[in-house]
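S.K.: data-v7.cif is the file, holding mmCIF, C-alpha atoms:
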```cif
data_run
loop_
_atom_site.label_atom_id
_atom_site.label_comp_id
_atom_site.auth_asym_id
_atom_site.auth_seq_id
_atom_site.Cartn_x
_atom_site.Cartn_y
_atom_site.Cartn_z
CA MET A 1 -166.68 -70.83 54.90
CA LEU A 2 -168.54 -73.99 55.84
CA ALA A 3 -169.25 -74.49 59.51
CA THR A 4 -167.24 -77.22 61.17
CA LEU A 5 -168.91 -80.20 62.81
CA GLN A 6 -168.20 -78.70 66.22
CA GLU A 7 -170.20 -75.59 65.38
CA HIS A 8 -173.31 -77.75 65.05
CA LEU A 9 -172.90 -79.26 68.49
CA HIS A 10 -172.99 -78.06 72.06
CA ASP A 11 -169.97 -78.26 74.29
CA ARG A 12 -168.57 -81.79 74.42
CA GLU A 13 -168.98 -81.95 78.19
CA GLN A 14 -172.69 -81.17 77.88
CA VAL A 15 -173.11 -83.88 75.25
CA GLU A 16 -171.24 -86.39 77.39
CA ALA A 17 -173.37 -85.48 80.43
CA VAL A 18 -176.58 -86.12 78.50
CA VAL A 19 -175.23 -89.40 77.13
CA ALA A 20 -174.40 -90.50 80.69
CA GLN A 21 -177.98 -89.80 81.73
CA VAL A 22 -179.30 -91.92 78.87
CA GLN A 23 -176.94 -94.74 79.86
CA GLN A 24 -178.25 -94.50 83.44
CA GLY A 25 -181.81 -95.07 82.29
CA ASN A 26 -183.16 -91.62 81.41
CA ARG A 27 -184.13 -92.64 77.90
CA GLU A 28 -186.45 -89.68 77.31
CA ILE A 29 -183.51 -87.28 77.25
CA TYR A 30 -182.22 -89.03 74.13
CA ALA A 31 -184.53 -86.64 72.26
CA TRP A 32 -182.01 -83.89 73.09
CA ILE A 33 -179.26 -85.86 71.35
CA VAL A 34 -181.52 -86.33 68.33
CA GLY A 35 -182.13 -82.58 68.22
CA GLN A 36 -178.42 -81.79 68.31
CA PHE A 37 -177.22 -84.30 65.73
CA GLN A 38 -180.11 -84.80 63.30
CA GLN A 39 -179.30 -81.94 60.92
CA PRO A 40 -175.49 -82.44 60.81
CA LEU A 41 -176.08 -86.15 60.18
CA TYR A 42 -178.57 -85.34 57.42
CA ARG A 43 -176.06 -83.11 55.62
CA TYR A 44 -173.37 -85.77 55.96
CA CYS A 45 -175.66 -88.53 54.65
CA CYS A 46 -176.78 -86.35 51.73
CA ARG A 47 -173.16 -85.93 50.68
CA MET A 48 -172.41 -89.61 51.10
CA LEU A 49 -175.56 -90.96 49.42
CA GLY A 50 -176.38 -88.16 46.98
CA ASN A 51 -180.11 -88.48 47.57
CA ARG A 52 -182.40 -86.60 49.96
CA GLN A 53 -184.84 -89.43 50.68
CA ASP A 54 -182.07 -91.97 51.21
CA ALA A 55 -180.37 -89.52 53.57
CA GLU A 56 -183.54 -88.98 55.61
CA ASP A 57 -184.05 -92.73 55.97
CA ALA A 58 -180.38 -93.25 56.84
CA VAL A 59 -180.45 -90.62 59.61
CA GLN A 60 -183.40 -92.31 61.26
CA ASP A 61 -181.69 -95.70 61.07
CA ILE A 62 -178.43 -94.28 62.44
CA LEU A 63 -180.12 -92.60 65.39
CA VAL A 64 -182.02 -95.80 66.20
CA LYS A 65 -178.79 -97.84 66.02
CA ALA A 66 -177.06 -95.34 68.28
CA TYR A 67 -179.93 -95.48 70.78
CA GLN A 68 -179.88 -99.27 70.83
CA SER A 69 -176.12 -99.47 71.37
CA ILE A 70 -175.53 -96.38 73.49
CA GLY A 71 -174.86 -98.60 76.48
CA THR A 72 -171.64 -99.75 74.80
CA TYR A 73 -170.33 -96.20 74.31
CA LYS A 74 -167.21 -95.36 76.29
CA LYS A 75 -165.50 -91.98 76.53
CA GLU A 76 -162.36 -93.28 74.84
CA VAL A 77 -163.46 -91.12 71.89
CA SER A 78 -165.94 -88.26 71.76
CA PHE A 79 -169.60 -89.17 71.42
CA SER A 80 -169.75 -87.27 68.11
CA ALA A 81 -166.88 -89.38 66.73
CA TRP A 82 -168.64 -92.55 67.92
CA LEU A 83 -171.89 -91.45 66.28
CA TYR A 84 -170.22 -90.50 63.01
CA ARG A 85 -168.48 -93.86 62.96
CA ILE A 86 -171.92 -95.50 63.06
CA ALA A 87 -173.12 -93.11 60.36
CA GLY A 88 -170.12 -93.76 58.15
CA ASN A 89 -170.44 -97.54 58.40
CA HIS A 90 -174.15 -97.34 57.68
CA CYS A 91 -173.66 -95.19 54.58
CA LEU A 92 -170.81 -97.33 53.29
CA ASN A 93 -172.96 -100.44 53.68
CA LEU A 94 -175.78 -98.78 51.74
CA LEU A 95 -173.43 -97.77 48.94
CA ARG A 96 -171.98 -101.26 48.65
CA ARG A 97 -175.32 -103.06 48.86
CA ARG A 98 -177.22 -100.89 46.41
CA ARG A 99 -174.33 -100.36 43.97
CA MET A 100 -175.28 -96.72 43.79
CA GLN A 101 -172.59 -95.61 41.37
CA GLU A 102 -174.98 -93.33 39.48
CA ARG A 103 -175.94 -91.60 42.70
CA ILE A 104 -172.33 -91.38 43.84
CA LEU A 105 -171.65 -89.18 40.82
CA ARG A 106 -174.12 -86.65 42.19
CA LEU A 107 -172.53 -86.55 45.64
CA PHE A 108 -171.35 -82.97 45.53
CA ARG A 109 -174.39 -81.57 43.73
CA PRO A 110 -176.53 -79.57 46.20
CA GLU A 111 -179.76 -81.40 47.05
CA THR A 112 -181.44 -78.59 48.98
CA ALA A 113 -181.30 -74.84 49.12
CA ALA A 114 -178.13 -73.98 51.00
CA ALA A 115 -176.77 -70.93 52.69
CA GLY A 116 -174.84 -68.64 50.39
CA ALA A 117 -171.38 -69.68 51.54
CA GLU A 118 -172.10 -73.40 51.34
CA GLN A 119 -173.82 -73.06 47.97
CA PHE A 120 -170.80 -71.17 46.66
CA MET A 121 -168.49 -73.84 48.02
CA GLU A 122 -170.39 -76.67 46.35
CA SER A 123 -170.71 -74.82 43.06
CA ARG A 124 -166.94 -74.28 43.01
CA LEU A 125 -166.30 -77.97 43.64
CA PHE A 126 -168.78 -79.33 41.12
CA ASN A 127 -168.00 -79.48 37.43
CA PRO A 128 -168.17 -82.26 34.81
CA GLY A 129 -164.50 -83.18 35.15
CA LEU A 130 -164.68 -83.40 38.91
CA GLU A 131 -167.93 -85.38 38.67
CA ALA A 132 -166.19 -87.99 36.55
CA ALA A 133 -163.23 -88.09 38.92
CA LEU A 134 -165.44 -88.57 41.98
CA GLY A 135 -167.19 -91.46 40.28
CA LEU A 136 -163.92 -93.39 40.38
CA LEU A 137 -163.47 -93.01 44.12
CA SER A 138 -164.33 -95.93 46.37
CA PRO A 139 -166.95 -95.33 49.09
CA GLU A 140 -164.15 -95.26 51.67
CA GLU A 141 -162.22 -92.62 49.70
CA ARG A 142 -165.41 -90.62 49.30
CA ASN A 143 -165.99 -90.73 53.06
CA ILE A 144 -162.51 -89.34 53.70
CA LEU A 145 -163.06 -86.56 51.18
CA VAL A 146 -166.47 -85.63 52.63
CA LEU A 147 -165.17 -85.52 56.20
CA ARG A 148 -162.13 -83.47 55.21
CA VAL A 149 -163.64 -81.01 52.72
CA PHE A 150 -167.28 -80.59 53.72
CA GLU A 151 -167.22 -81.33 57.44
CA GLU A 152 -163.84 -79.55 57.64
CA LEU A 153 -162.47 -81.97 60.22
CA THR A 154 -158.83 -82.18 61.14
CA PHE A 155 -156.98 -85.44 60.50
CA GLN A 156 -156.95 -85.95 64.28
CA GLU A 157 -160.76 -85.72 64.41
CA MET A 158 -161.10 -87.95 61.37
CA GLY A 159 -158.85 -90.50 63.04
CA GLN A 160 -161.30 -90.83 65.93
CA ILE A 161 -164.15 -91.50 63.52
CA LEU A 162 -162.33 -93.79 61.11
CA GLY A 163 -160.07 -95.59 63.59
CA SER A 164 -156.93 -94.63 61.73
CA SER A 165 -153.88 -92.53 62.51
CA PRO A 166 -153.83 -88.88 61.38
CA ASN A 167 -150.62 -89.54 59.44
CA ALA A 168 -152.17 -92.47 57.56
CA LEU A 169 -155.26 -90.40 56.72
CA HIS A 170 -153.11 -87.53 55.50
CA LYS A 171 -151.30 -89.89 53.14
CA ARG A 172 -154.59 -91.36 51.91
CA MET A 173 -155.94 -87.87 51.30
CA GLU A 174 -152.91 -87.03 49.19
CA ARG A 175 -153.47 -90.18 47.12
CA ILE A 176 -157.14 -89.29 46.69
CA LYS A 177 -156.19 -85.82 45.47
CA GLN A 178 -153.73 -87.31 42.99
CA LYS A 179 -156.40 -89.72 41.77
CA VAL A 180 -158.86 -86.88 41.21
CA ARG A 181 -156.21 -84.70 39.55
CA SER A 182 -155.24 -87.47 37.15
CA THR A 183 -158.82 -88.20 36.15
CA MET A 184 -159.69 -84.56 35.67
CA LYS A 185 -156.70 -84.01 33.38
CA THR A 186 -157.71 -87.03 31.34
CA GLU A 187 -161.37 -86.04 31.13
CA GLU A 188 -161.06 -82.34 30.44
CA GLY A 189 -157.42 -81.47 30.08
CA ILE A 190 -157.70 -79.19 33.09
CA SER A 191 -155.70 -79.01 36.25
CA TRP A 192 -156.92 -79.76 39.76
CA ILE A 193 -158.61 -76.89 41.55
CA GLU A 194 -155.96 -75.38 43.77
CA PRO A 195 -156.63 -75.57 47.53
CA ASP A 196 -156.46 -71.79 47.96
CA SER A 197 -159.33 -71.39 45.50
CA ILE A 198 -161.68 -73.69 47.40
CA ALA A 199 -162.92 -71.08 49.85
CA GLY A 200 -160.24 -71.89 52.38
CA THR A 201 -161.30 -75.47 53.05
CA LYS A 202 -158.77 -77.80 54.58
CA ILE A 203 -158.19 -80.03 51.61
#
```
In structure tokens, write the structure found in this file.

M.R.:
Amino acid sequence: MLATLQEHLHDREQVEAVVAQVQQGNREIYAWIVGQFQQPLYRYCCRMLGNRQDAEDAVQDILVKAYQSIGTYKKEVSFSAWLYRIAGNHCLNLLRRRRMQERILRLFRPETAAAGAEQFMESRLFNPGLEAALGLLSPEERNILVLRVFEELTFQEMGQILGSSPNALHKRMERIKQKVRSTMKTEEGISWIEPDSIAGTKI
């Protein structure tokens, strides 16, 4: 089972306390935030961009953007949701600007050595039919799928990041699944991988 986003982070209250210190002028402590979020952001960016070097560069840019605008952060949403919103927008802009359709096709292919459970999960998800289906998804649809399947977020948590209602995201996810199913049947004459077979992920 893949770890959820929350398992990568300390207690929300601790994160919020550190953020408050940064906002009050203790800029050096921002290094703690970098330490907590750098690896989860890297994994997210790898899945969005499909390229290790692009992901490394994106993480640095995202953390700099967050540092520069941290004064505007308000506790109306969690800091992690706010940060992932910045990350999502940054990755979507990269995908649109670079027209990285060939790299999008490699989104779910593991870029680095992964833990056994995660490697198993990605190997189950990746096959030629699914690769073709994912290539037809828009960057926004891909973001929803990554957050739901790989980050294992609830629709409520996704709503904080994407600024949309859980019900609307649930409906979009169903449409994405139908889109992938349809393409896979056309490409390979095979049916969509059933949710129960995907290592218990919340798809």

S.K.: How far is it from CA of Ile70 in chain A to CA of Phe37 in chain A, in Å with one decimal?

M.R.: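 Separating CA of Ile70 in chain A from CA of Phe37 in chain A is a distance of 14.5 Å.
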
S.K.: By how many Å are CA of Arg172 in chain A and CA of Leu145 in chain A apart?

M.R.: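 Value for the CA of Arg172 in chain A-CA of Leu145 in chain A distance: 9.8 Å.
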
S.K.: List the spatial neighbours of Tyr30 in chain A as a ChimeraX atom specification - criterion: any atom at most 8 Å away, all atoms listed in the file, same-chain residues fewer than 5 positions off excluded.

M.R.: /A:18-19,22,67

S.K.: Export C-alpha atoms of the chosen residues as a compact mmCIF listing (two decimals), keeping the file's coordinate frame?

M.R.:
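As a result, part.txt now contains:
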```
# COMPACT_ATOMS: atom_id res chain seq x y z
CA VAL A 18 -176.58 -86.12 78.50
CA VAL A 19 -175.23 -89.40 77.13
CA VAL A 22 -179.30 -91.92 78.87
CA TYR A 67 -179.93 -95.48 70.78
```

S.K.: May I ask for the distance between CA of Val146 in chain A and CA of Ala20 in chain A, given in Å to one decimal place?

M.R.: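 Pair CA of Val146 in chain A / CA of Ala20 in chain A returns 29.6 Å.
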
S.K.: Apply the PyMOL selection byres ((chain A and resi 69) around 12) to the displayed file and report the matching residues as an mmCIF file with C-alpha atoms, keeping the file's coordinate frame.

M.R.:
```
data_model
loop_
_atom_site.group_PDB
_atom_site.id
_atom_site.type_symbol
_atom_site.label_atom_id
_atom_site.label_comp_id
_atom_site.auth_asym_id
_atom_site.auth_seq_id
_atom_site.Cartn_x
_atom_site.Cartn_y
_atom_site.Cartn_z
ATOM 1 C CA VAL A 19 -175.230 -89.400 77.130
ATOM 2 C CA VAL A 22 -179.300 -91.920 78.870
ATOM 3 C CA GLN A 23 -176.940 -94.740 79.860
ATOM 4 C CA ILE A 62 -178.430 -94.280 62.440
ATOM 5 C CA LEU A 63 -180.120 -92.600 65.390
ATOM 6 C CA VAL A 64 -182.020 -95.800 66.200
ATOM 7 C CA LYS A 65 -178.790 -97.840 66.020
ATOM 8 C CA ALA A 66 -177.060 -95.340 68.280
ATOM 9 C CA TYR A 67 -179.930 -95.480 70.780
ATOM 10 C CA GLN A 68 -179.880 -99.270 70.830
ATOM 11 C CA ILE A 70 -175.530 -96.380 73.490
ATOM 12 C CA GLY A 71 -174.860 -98.600 76.480
ATOM 13 C CA THR A 72 -171.640 -99.750 74.800
ATOM 14 C CA TYR A 73 -170.330 -96.200 74.310
ATOM 15 C CA LYS A 74 -167.210 -95.360 76.290
ATOM 16 C CA TRP A 82 -168.640 -92.550 67.920
ATOM 17 C CA LEU A 83 -171.890 -91.450 66.280
ATOM 18 C CA ILE A 86 -171.920 -95.500 63.060
#
```

S.K.: Using all atoms listed in the file, pick whichever of A:Leu137, A:Ile161, A:Val34, A:Leu169 has the shortest atom-to-atom distance to Thr183 in chain A.

M.R.: A:Leu137

S.K.: Neighbouring residues of Leu94 in chain A were defined as those with any atom within 10 Å, considering all atoms listed in the file; residues of the same chain fewer than 6 positions away were excluded. Please report them as a VMD selection string.

M.R.: chain A and resid 48 to 49 54 58 88 100 139

S.K.: Would you list the residues near (-181.7, -81.5, 72.1), meaning any protein, DNA or RNA residue with an atom at most 12 Å from that point in file coordinates, counting all atoms listed in the file, as JSON, numbers by chain?

M.R.: {"A": [8, 9, 10, 14, 15, 18, 19, 28, 29, 30, 31, 32, 33, 34, 35, 36, 37, 38, 39]}

S.K.: Could you name the residues that touch Tyr42 in chain A at 8 Å or less, counting all atoms listed in the file, but leaving out those on the same chain fewer than 4 positions away, as a compact mmCIF listing (two decimals) with C-alpha atoms, in the frame of the given file?

M.R.:
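Result saved to result.txt:
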```txt
# COMPACT_ATOMS: atom_id res chain seq x y z
CA GLN A 38 -180.11 -84.80 63.30
CA CYS A 46 -176.78 -86.35 51.73
CA ALA A 55 -180.37 -89.52 53.57
CA GLU A 56 -183.54 -88.98 55.61
CA VAL A 59 -180.45 -90.62 59.61
```

S.K.: With only C-alpha atoms as the basis for distance, which of A:Val180, A:Cys45, A:Ile144, A:Val149 is at the shortest distance from Leu162 in chain A?

M.R.: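 Selected residue with least distance to Leu162 in chain A: A:Ile144.
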